[in-house]
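Next comes coords_20.cif, a file with mmCIF, C-alpha atoms; chains and numbers go by the auth columns.
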data_run
#
loop_
_atom_site.group_PDB
_atom_site.id
_atom_site.type_symbol
_atom_site.label_atom_id
_atom_site.label_comp_id
_atom_site.label_asym_id
_atom_site.label_seq_id
_atom_site.Cartn_x
_atom_site.Cartn_y
_atom_site.Cartn_z
_atom_site.B_iso_or_equiv
_atom_site.auth_seq_id
_atom_site.auth_asym_id
ATOM 1 C CA MET A 1 0.000 0.000 0.000 0.00 1 A
ATOM 2 C CA ALA A 2 1.476 3.356 -1.051 0.00 2 A
ATOM 3 C CA ALA A 3 1.971 6.096 1.529 0.00 3 A
ATOM 4 C CA THR A 4 -0.235 9.138 1.262 0.00 4 A
ATOM 5 C CA PRO A 5 1.498 12.354 0.198 0.00 5 A
ATOM 6 C CA THR A 6 0.964 13.799 3.682 0.00 6 A
ATOM 7 C CA LEU A 7 2.648 10.786 5.283 0.00 7 A
ATOM 8 C CA ALA A 8 5.582 10.981 2.854 0.00 8 A
ATOM 9 C CA VAL A 9 6.057 14.709 3.552 0.00 9 A
ATOM 10 C CA ALA A 10 5.883 14.070 7.308 0.00 10 A
ATOM 11 C CA ALA A 11 8.514 11.305 7.054 0.00 11 A
ATOM 12 C CA ALA A 12 10.862 13.572 5.075 0.00 12 A
ATOM 13 C CA LEU A 13 10.341 16.374 7.601 0.00 13 A
ATOM 14 C CA VAL A 14 11.234 14.052 10.499 0.00 14 A
ATOM 15 C CA LEU A 15 14.498 13.129 8.752 0.00 15 A
ATOM 16 C CA LEU A 16 15.365 16.769 8.133 0.00 16 A
ATOM 17 C CA LEU A 17 14.502 17.825 11.677 0.00 17 A
ATOM 18 C CA ALA A 18 16.844 15.124 12.930 0.00 18 A
ATOM 19 C CA GLY A 19 19.621 17.137 11.281 0.00 19 A
ATOM 20 C CA GLY A 20 20.253 14.858 8.338 0.00 20 A
ATOM 21 C CA PRO A 21 19.602 14.999 4.644 0.00 21 A
ATOM 22 C CA ALA A 22 16.580 13.527 2.886 0.00 22 A
ATOM 23 C CA THR A 23 16.703 9.803 2.170 0.00 23 A
ATOM 24 C CA ALA A 24 18.022 10.180 -1.382 0.00 24 A
ATOM 25 C CA ALA A 25 21.033 12.203 -0.263 0.00 25 A
ATOM 26 C CA PRO A 26 24.272 10.775 1.112 0.00 26 A
ATOM 27 C CA ASP A 27 24.865 10.807 4.854 0.00 27 A
ATOM 28 C CA HIS A 28 28.165 12.613 4.395 0.00 28 A
ATOM 29 C CA ARG A 29 29.478 15.503 2.360 0.00 29 A
ATOM 30 C CA CYS A 30 32.923 16.506 1.177 0.00 30 A
ATOM 31 C CA LEU A 31 33.758 20.199 1.484 0.00 31 A
ATOM 32 C CA SER A 32 36.735 22.372 0.602 0.00 32 A
ATOM 33 C CA GLY A 33 37.434 25.878 1.811 0.00 33 A
ATOM 34 C CA GLY A 34 39.910 28.424 3.008 0.00 34 A
ATOM 35 C CA ARG A 35 42.504 30.162 0.893 0.00 35 A
ATOM 36 C CA ASP A 36 42.608 28.450 -2.517 0.00 36 A
ATOM 37 C CA SER A 37 40.230 25.749 -1.169 0.00 37 A
ATOM 38 C CA THR A 38 43.125 23.945 0.521 0.00 38 A
ATOM 39 C CA ILE A 39 41.215 22.908 3.659 0.00 39 A
ATOM 40 C CA HIS A 40 39.238 19.720 3.116 0.00 40 A
ATOM 41 C CA LEU A 41 36.749 18.110 5.463 0.00 41 A
ATOM 42 C CA GLU A 42 34.165 15.374 5.557 0.00 42 A
ATOM 43 C CA TRP A 43 30.885 16.300 7.247 0.00 43 A
ATOM 44 C CA ARG A 44 28.821 13.335 8.412 0.00 44 A
ATOM 45 C CA TRP A 45 25.268 13.180 9.754 0.00 45 A
ATOM 46 C CA LEU A 46 24.781 10.395 12.289 0.00 46 A
ATOM 47 C CA ASP A 47 21.609 8.348 12.752 0.00 47 A
ATOM 48 C CA ASP A 48 20.910 9.819 16.202 0.00 48 A
ATOM 49 C CA GLY A 49 20.681 13.431 14.980 0.00 49 A
ATOM 50 C CA ARG A 50 24.266 14.320 15.825 0.00 50 A
ATOM 51 C CA ALA A 51 27.086 15.001 13.376 0.00 51 A
ATOM 52 C CA ASP A 52 30.846 14.798 13.175 0.00 52 A
ATOM 53 C CA VAL A 53 33.615 16.181 11.013 0.00 53 A
ATOM 54 C CA ARG A 54 36.961 14.774 9.862 0.00 54 A
ATOM 55 C CA TYR A 55 39.648 16.886 8.240 0.00 55 A
ATOM 56 C CA ALA A 56 41.769 15.565 5.368 0.00 56 A
ATOM 57 C CA GLY A 57 44.985 14.008 6.625 0.00 57 A
ATOM 58 C CA HIS A 58 43.481 13.138 10.028 0.00 58 A
ATOM 59 C CA SER A 59 41.824 9.900 11.099 0.00 59 A
ATOM 60 C CA GLU A 60 40.114 11.391 14.168 0.00 60 A
ATOM 61 C CA ARG A 61 36.507 12.487 13.850 0.00 61 A
ATOM 62 C CA LEU A 62 35.435 15.480 15.906 0.00 62 A
ATOM 63 C CA PRO A 63 31.959 15.047 17.411 0.00 63 A
ATOM 64 C CA LEU A 64 29.573 17.948 16.988 0.00 64 A
ATOM 65 C CA ARG A 65 26.502 18.983 18.938 0.00 65 A
ATOM 66 C CA ARG A 66 23.660 20.930 17.363 0.00 66 A
ATOM 67 C CA VAL A 67 23.043 24.083 19.407 0.00 67 A
ATOM 68 C CA SER A 68 20.396 25.779 17.258 0.00 68 A
ATOM 69 C CA GLU A 69 18.177 25.245 14.266 0.00 69 A
ATOM 70 C CA GLN A 70 15.928 27.594 12.343 0.00 70 A
ATOM 71 C CA THR A 71 13.431 26.371 9.752 0.00 71 A
ATOM 72 C CA THR A 72 12.263 28.646 6.944 0.00 72 A
ATOM 73 C CA VAL A 73 9.506 27.978 4.409 0.00 73 A
ATOM 74 C CA LEU A 74 10.679 29.688 1.230 0.00 74 A
ATOM 75 C CA ASP A 75 7.906 28.268 -0.955 0.00 75 A
ATOM 76 C CA GLU A 76 5.235 25.698 -0.104 0.00 76 A
ATOM 77 C CA ASP A 77 6.227 23.652 -3.182 0.00 77 A
ATOM 78 C CA ARG A 78 9.920 23.476 -2.249 0.00 78 A
ATOM 79 C CA PRO A 79 11.828 21.816 0.593 0.00 79 A
ATOM 80 C CA TYR A 80 12.206 23.838 3.776 0.00 80 A
ATOM 81 C CA GLN A 81 15.476 25.637 4.456 0.00 81 A
ATOM 82 C CA PHE A 82 17.266 24.560 7.628 0.00 82 A
ATOM 83 C CA ASP A 83 19.907 26.791 9.207 0.00 83 A
ATOM 84 C CA THR A 84 21.784 24.960 11.950 0.00 84 A
ATOM 85 C CA VAL A 85 24.697 25.767 14.220 0.00 85 A
ATOM 86 C CA TRP A 86 26.919 22.931 15.449 0.00 86 A
ATOM 87 C CA GLU A 87 29.422 23.216 18.297 0.00 87 A
ATOM 88 C CA GLU A 88 32.834 21.539 18.197 0.00 88 A
ATOM 89 C CA ARG A 89 34.426 20.841 21.578 0.00 89 A
ATOM 90 C CA VAL A 90 38.002 19.729 22.158 0.00 90 A
ATOM 91 C CA ASP A 91 39.034 18.704 25.673 0.00 91 A
ATOM 92 C CA GLY A 92 35.715 20.049 26.997 0.00 92 A
ATOM 93 C CA ARG A 93 36.216 23.553 25.573 0.00 93 A
ATOM 94 C CA ILE A 94 34.383 25.078 22.637 0.00 94 A
ATOM 95 C CA ASN A 95 36.864 25.012 19.776 0.00 95 A
ATOM 96 C CA GLY A 96 34.549 26.463 17.147 0.00 96 A
ATOM 97 C CA ARG A 97 31.147 26.443 15.503 0.00 97 A
ATOM 98 C CA TYR A 98 29.937 25.244 12.146 0.00 98 A
ATOM 99 C CA MET A 99 27.061 27.058 10.436 0.00 99 A
ATOM 100 C CA LEU A 100 25.179 24.995 7.889 0.00 100 A
ATOM 101 C CA SER A 101 22.316 26.021 5.615 0.00 101 A
ATOM 102 C CA THR A 102 20.518 23.282 3.671 0.00 102 A
ATOM 103 C CA GLN A 103 17.449 23.002 1.507 0.00 103 A
ATOM 104 C CA GLY A 104 16.499 19.442 0.646 0.00 104 A
ATOM 105 C CA ALA A 105 19.679 17.604 -0.312 0.00 105 A
ATOM 106 C CA ARG A 106 21.575 20.815 -1.173 0.00 106 A
ATOM 107 C CA ILE A 107 24.065 22.636 1.013 0.00 107 A
ATOM 108 C CA TYR A 108 23.696 26.364 0.343 0.00 108 A
ATOM 109 C CA SER A 109 26.289 27.584 2.793 0.00 109 A
ATOM 110 C CA PHE A 110 28.769 26.064 5.184 0.00 110 A
ATOM 111 C CA SER A 111 31.252 27.906 7.356 0.00 111 A
ATOM 112 C CA TYR A 112 33.401 27.424 10.435 0.00 112 A
ATOM 113 C CA VAL A 113 34.135 30.099 13.034 0.00 113 A
ATOM 114 C CA ARG A 114 37.092 29.464 15.311 0.00 114 A
ATOM 115 C CA ALA A 115 36.263 30.278 18.947 0.00 115 A
ATOM 116 C CA ARG A 116 39.735 31.561 19.829 0.00 116 A
ATOM 117 C CA ASP A 117 39.755 34.521 17.448 0.00 117 A
ATOM 118 C CA GLY A 118 36.460 34.530 15.522 0.00 118 A
ATOM 119 C CA ARG A 119 38.191 33.712 12.244 0.00 119 A
ATOM 120 C CA ARG A 120 35.647 32.483 9.696 0.00 120 A
ATOM 121 C CA THR A 121 36.355 29.927 6.979 0.00 121 A
ATOM 122 C CA ASP A 122 33.773 29.347 4.240 0.00 122 A
ATOM 123 C CA PHE A 123 33.459 26.002 2.499 0.00 123 A
ATOM 124 C CA ASP A 124 31.846 24.732 -0.691 0.00 124 A
ATOM 125 C CA GLU A 125 30.720 21.218 -1.446 0.00 125 A
ATOM 126 C CA ASP A 126 33.423 19.288 -3.313 0.00 126 A
ATOM 127 C CA VAL A 127 31.519 16.707 -5.374 0.00 127 A
ATOM 128 C CA ASN A 128 34.728 15.534 -7.079 0.00 128 A
ATOM 129 C CA ALA A 129 36.038 14.259 -3.731 0.00 129 A
ATOM 130 C CA PHE A 130 32.891 12.268 -2.913 0.00 130 A
ATOM 131 C CA LEU A 131 33.116 8.489 -2.537 0.00 131 A
ATOM 132 C CA ASP A 132 30.235 6.278 -1.380 0.00 132 A
ATOM 133 C CA ASP A 133 31.681 5.861 2.109 0.00 133 A
ATOM 134 C CA SER A 134 34.135 8.763 2.516 0.00 134 A
ATOM 135 C CA CYS A 135 35.922 11.633 0.795 0.00 135 A
ATOM 136 C CA HIS A 136 39.063 11.382 -1.328 0.00 136 A
ATOM 137 C CA TRP A 137 41.635 14.179 -1.444 0.00 137 A
#
I'd like the structure from this file rewritten - as structure tokens, please.
Amino acid sequence: MAATPTLAVAAALVLLLAGGPATAAPDHRCLSGGRDSTIHLEWRWLDDGRADVRYAGHSERLPLRRVSEQTTVLDEDRPYQFDTVWEERVDGRINGRYMLSTQGARIYSFSYVRARDGRRTDFDEDVNAFLDDSCHW
């Protein structure tokens, strides 16, 4: 028996509110940023609504905690826009924050602000680095 459109929309909304992409999208993204796009990272949504990040050249994943989320309806016929802020802690201290703006499966903006000095680094999705289970740089 096919799901009603309302049920399908509700299921997609639950996935997005959990902080992850819609079902058709991968659970991780590859991003490059900084001067000359030389900083590479893998962003990963976890099943429990959390996320983590791993920088190129490092095996350690840094756990992230969502600290805010804003939902915006841009058009009733389009996916909602989600603007989230994620906190990165190292040794119990806030190391920085990631700001992520998504609509459906698309990342519209992604940036990192270092807590120590407020320095902001903007990133763009790097589809050429994407592998099914990781990123390749």
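For the atom pair formed by CA of Gly49 in chain A and CA of Arg66 in chain A, the distance is 8.4 Å, given to one decimal.
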Residue among A:Arg93, A:Arg116, A:Arg50, A:Arg78 lying closest to Arg65 in chain A, counting all atoms listed in the file: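 The shortest atom-to-atom distance to Arg65 in chain A comes from A:Arg50.
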For CA of Ser37 in chain A and CA of Asp122 in chain A, the interatomic separation in Å (one decimal): 9.2 Å
Among the residues A:Glu125, A:Asp132, A:Asp47, A:Glu76, the one that comes closest to Ala105 in chain A [using all atoms listed in the file]: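 Ranking A:Glu125, A:Asp132, A:Asp47, A:Glu76 by distance to Ala105 in chain A, first place goes to A:Glu125.
When the distance limit is 9 Å and all atoms listed in the file are what count, the residues near Ile39 in chain A, minus those fewer than 3 positions from it on the same chain, are A:Leu31, A:Ser32, A:Gly33, A:Gly34, A:Arg35, A:Asp36, A:Tyr55, A:Ala56, A:Phe123.
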Distance query 10 Å from (21.3, 28.6, 4.7) using only C-alpha atoms, result as a list of chain:residue names: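 Residues found, by chain and rising number: A:Gln70, A:Thr71, A:Thr72, A:Gln81, A:Phe82, A:Asp83, A:Thr84, A:Met99, A:Leu100, A:Ser101, A:Thr102, A:Gln103, A:Arg106, A:Ile107, A:Tyr108, A:Ser109, A:Phe110.
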One-decimal distance in Å that lies between CA of His58 in chain A and CA of Asp117 in chain A: 22.9 Å
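All polymer residues at most 10 Å from (29.8, 13.4, 11.5), using all atoms listed in the file, appear as A:Asp27, A:His28, A:Arg29, A:Glu42, A:Trp43, A:Arg44, A:Trp45, A:Leu46, A:Asp47, A:Gly49, A:Arg50, A:Ala51, A:Asp52, A:Val53, A:Arg54, A:Arg61, A:Leu62, A:Pro63, A:Leu64, A:Arg65.
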Incomplete range 72-83 of chain A filled out to all heavy atoms as a PDB file, in the frame of the given file:
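The result, stored in out38.pdb:
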ATOM      1  N   THR A  72      12.902  27.602   7.726  1.00  0.00           N
ATOM      2  CA  THR A  72      12.263  28.646   6.944  1.00  0.00           C
ATOM      3  C   THR A  72      11.525  28.019   5.770  1.00  0.00           C
ATOM      4  O   THR A  72      12.094  27.186   5.057  1.00  0.00           O
ATOM      5  CB  THR A  72      13.316  29.638   6.395  1.00  0.00           C
ATOM      6  OG1 THR A  72      14.097  30.126   7.488  1.00  0.00           O
ATOM      7  CG2 THR A  72      12.662  30.794   5.663  1.00  0.00           C
ATOM      8  N   VAL A  73      10.274  28.412   5.572  1.00  0.00           N
ATOM      9  CA  VAL A  73       9.506  27.978   4.409  1.00  0.00           C
ATOM     10  C   VAL A  73       9.690  29.051   3.347  1.00  0.00           C
ATOM     11  O   VAL A  73       9.184  30.165   3.487  1.00  0.00           O
ATOM     12  CB  VAL A  73       8.006  27.807   4.753  1.00  0.00           C
ATOM     13  CG1 VAL A  73       7.232  27.380   3.511  1.00  0.00           C
ATOM     14  CG2 VAL A  73       7.821  26.815   5.880  1.00  0.00           C
ATOM     15  N   LEU A  74      10.439  28.724   2.305  1.00  0.00           N
ATOM     16  CA  LEU A  74      10.679  29.688   1.230  1.00  0.00           C
ATOM     17  C   LEU A  74       9.548  29.662   0.213  1.00  0.00           C
ATOM     18  O   LEU A  74       9.199  30.676  -0.379  1.00  0.00           O
ATOM     19  CB  LEU A  74      12.008  29.386   0.547  1.00  0.00           C
ATOM     20  CG  LEU A  74      13.230  29.447   1.469  1.00  0.00           C
ATOM     21  CD1 LEU A  74      14.468  28.962   0.750  1.00  0.00           C
ATOM     22  CD2 LEU A  74      13.419  30.841   2.014  1.00  0.00           C
ATOM     23  N   ASP A  75       9.002  28.470  -0.015  1.00  0.00           N
ATOM     24  CA  ASP A  75       7.906  28.268  -0.955  1.00  0.00           C
ATOM     25  C   ASP A  75       7.251  26.951  -0.575  1.00  0.00           C
ATOM     26  O   ASP A  75       7.949  25.961  -0.335  1.00  0.00           O
ATOM     27  CB  ASP A  75       8.472  28.204  -2.380  1.00  0.00           C
ATOM     28  CG  ASP A  75       7.396  28.128  -3.448  1.00  0.00           C
ATOM     29  OD1 ASP A  75       6.344  27.497  -3.209  1.00  0.00           O
ATOM     30  OD2 ASP A  75       7.612  28.692  -4.535  1.00  0.00           O
ATOM     31  N   GLU A  76       5.943  26.916  -0.523  1.00  0.00           N
ATOM     32  CA  GLU A  76       5.235  25.698  -0.104  1.00  0.00           C
ATOM     33  C   GLU A  76       5.537  24.503  -1.002  1.00  0.00           C
ATOM     34  O   GLU A  76       5.405  23.369  -0.585  1.00  0.00           O
ATOM     35  CB  GLU A  76       3.718  25.958  -0.050  1.00  0.00           C
ATOM     36  CG  GLU A  76       3.293  26.800   1.120  1.00  0.00           C
ATOM     37  CD  GLU A  76       3.588  26.156   2.466  1.00  0.00           C
ATOM     38  OE1 GLU A  76       3.529  24.920   2.589  1.00  0.00           O
ATOM     39  OE2 GLU A  76       3.902  26.906   3.411  1.00  0.00           O
ATOM     40  N   ASP A  77       5.941  24.747  -2.249  1.00  0.00           N
ATOM     41  CA  ASP A  77       6.227  23.652  -3.182  1.00  0.00           C
ATOM     42  C   ASP A  77       7.689  23.227  -3.175  1.00  0.00           C
ATOM     43  O   ASP A  77       8.092  22.394  -3.990  1.00  0.00           O
ATOM     44  CB  ASP A  77       5.827  24.057  -4.609  1.00  0.00           C
ATOM     45  CG  ASP A  77       4.334  24.282  -4.745  1.00  0.00           C
ATOM     46  OD1 ASP A  77       3.575  23.664  -3.965  1.00  0.00           O
ATOM     47  OD2 ASP A  77       3.923  25.074  -5.620  1.00  0.00           O
ATOM     48  N   ARG A  78       8.487  23.794  -2.297  1.00  0.00           N
ATOM     49  CA  ARG A  78       9.920  23.476  -2.249  1.00  0.00           C
ATOM     50  C   ARG A  78      10.273  22.964  -0.863  1.00  0.00           C
ATOM     51  O   ARG A  78       9.566  23.222   0.104  1.00  0.00           O
ATOM     52  CB  ARG A  78      10.744  24.734  -2.550  1.00  0.00           C
ATOM     53  CG  ARG A  78      10.362  25.413  -3.820  1.00  0.00           C
ATOM     54  CD  ARG A  78      11.391  25.532  -4.872  1.00  0.00           C
ATOM     55  NE  ARG A  78      12.749  25.440  -4.407  1.00  0.00           N
ATOM     56  CZ  ARG A  78      13.661  24.730  -5.050  1.00  0.00           C
ATOM     57  NH1 ARG A  78      13.354  24.085  -6.129  1.00  0.00           N
ATOM     58  NH2 ARG A  78      14.885  24.700  -4.616  1.00  0.00           N
ATOM     59  N   PRO A  79      11.407  22.262  -0.750  1.00  0.00           N
ATOM     60  CA  PRO A  79      11.828  21.816   0.593  1.00  0.00           C
ATOM     61  C   PRO A  79      12.102  23.008   1.504  1.00  0.00           C
ATOM     62  O   PRO A  79      12.462  24.086   1.043  1.00  0.00           O
ATOM     63  CB  PRO A  79      13.132  21.059   0.313  1.00  0.00           C
ATOM     64  CG  PRO A  79      13.097  20.720  -1.135  1.00  0.00           C
ATOM     65  CD  PRO A  79      12.300  21.803  -1.804  1.00  0.00           C
ATOM     66  N   TYR A  80      11.914  22.803   2.791  1.00  0.00           N
ATOM     67  CA  TYR A  80      12.206  23.838   3.776  1.00  0.00           C
ATOM     68  C   TYR A  80      13.703  24.109   3.801  1.00  0.00           C
ATOM     69  O   TYR A  80      14.517  23.252   3.484  1.00  0.00           O
ATOM     70  CB  TYR A  80      11.787  23.397   5.174  1.00  0.00           C
ATOM     71  CG  TYR A  80      10.308  23.263   5.392  1.00  0.00           C
ATOM     72  CD1 TYR A  80       9.381  23.509   4.395  1.00  0.00           C
ATOM     73  CD2 TYR A  80       9.830  22.885   6.626  1.00  0.00           C
ATOM     74  CE1 TYR A  80       8.023  23.385   4.617  1.00  0.00           C
ATOM     75  CE2 TYR A  80       8.460  22.750   6.863  1.00  0.00           C
ATOM     76  CZ  TYR A  80       7.567  23.009   5.847  1.00  0.00           C
ATOM     77  OH  TYR A  80       6.235  22.881   6.078  1.00  0.00           O
ATOM     78  N   GLN A  81      14.071  25.305   4.225  1.00  0.00           N
ATOM     79  CA  GLN A  81      15.476  25.637   4.456  1.00  0.00           C
ATOM     80  C   GLN A  81      15.752  25.445   5.944  1.00  0.00           C
ATOM     81  O   GLN A  81      14.984  25.890   6.788  1.00  0.00           O
ATOM     82  CB  GLN A  81      15.765  27.082   4.057  1.00  0.00           C
ATOM     83  CG  GLN A  81      17.198  27.483   4.339  1.00  0.00           C
ATOM     84  CD  GLN A  81      17.509  28.861   3.839  1.00  0.00           C
ATOM     85  OE1 GLN A  81      17.132  29.215   2.714  1.00  0.00           O
ATOM     86  NE2 GLN A  81      18.170  29.661   4.649  1.00  0.00           N
ATOM     87  N   PHE A  82      16.857  24.774   6.251  1.00  0.00           N
ATOM     88  CA  PHE A  82      17.266  24.560   7.628  1.00  0.00           C
ATOM     89  C   PHE A  82      18.617  25.231   7.842  1.00  0.00           C
ATOM     90  O   PHE A  82      19.569  24.963   7.122  1.00  0.00           O
ATOM     91  CB  PHE A  82      17.390  23.057   7.943  1.00  0.00           C
ATOM     92  CG  PHE A  82      16.072  22.345   7.906  1.00  0.00           C
ATOM     93  CD1 PHE A  82      15.618  21.753   6.743  1.00  0.00           C
ATOM     94  CD2 PHE A  82      15.272  22.290   9.037  1.00  0.00           C
ATOM     95  CE1 PHE A  82      14.395  21.118   6.700  1.00  0.00           C
ATOM     96  CE2 PHE A  82      14.049  21.651   9.007  1.00  0.00           C
ATOM     97  CZ  PHE A  82      13.607  21.058   7.828  1.00  0.00           C
ATOM     98  N   ASP A  83      18.665  26.124   8.821  1.00  0.00           N
ATOM     99  CA  ASP A  83      19.907  26.791   9.207  1.00  0.00           C
ATOM    100  C   ASP A  83      20.271  26.278  10.590  1.00  0.00           C
ATOM    101  O   ASP A  83      19.535  26.505  11.551  1.00  0.00           O
ATOM    102  CB  ASP A  83      19.712  28.311   9.226  1.00  0.00           C
ATOM    103  CG  ASP A  83      19.361  28.833   7.844  1.00  0.00           C
ATOM    104  OD1 ASP A  83      20.110  28.541   6.901  1.00  0.00           O
ATOM    105  OD2 ASP A  83      18.330  29.524   7.710  1.00  0.00           O
TER     106      ASP A  83
END
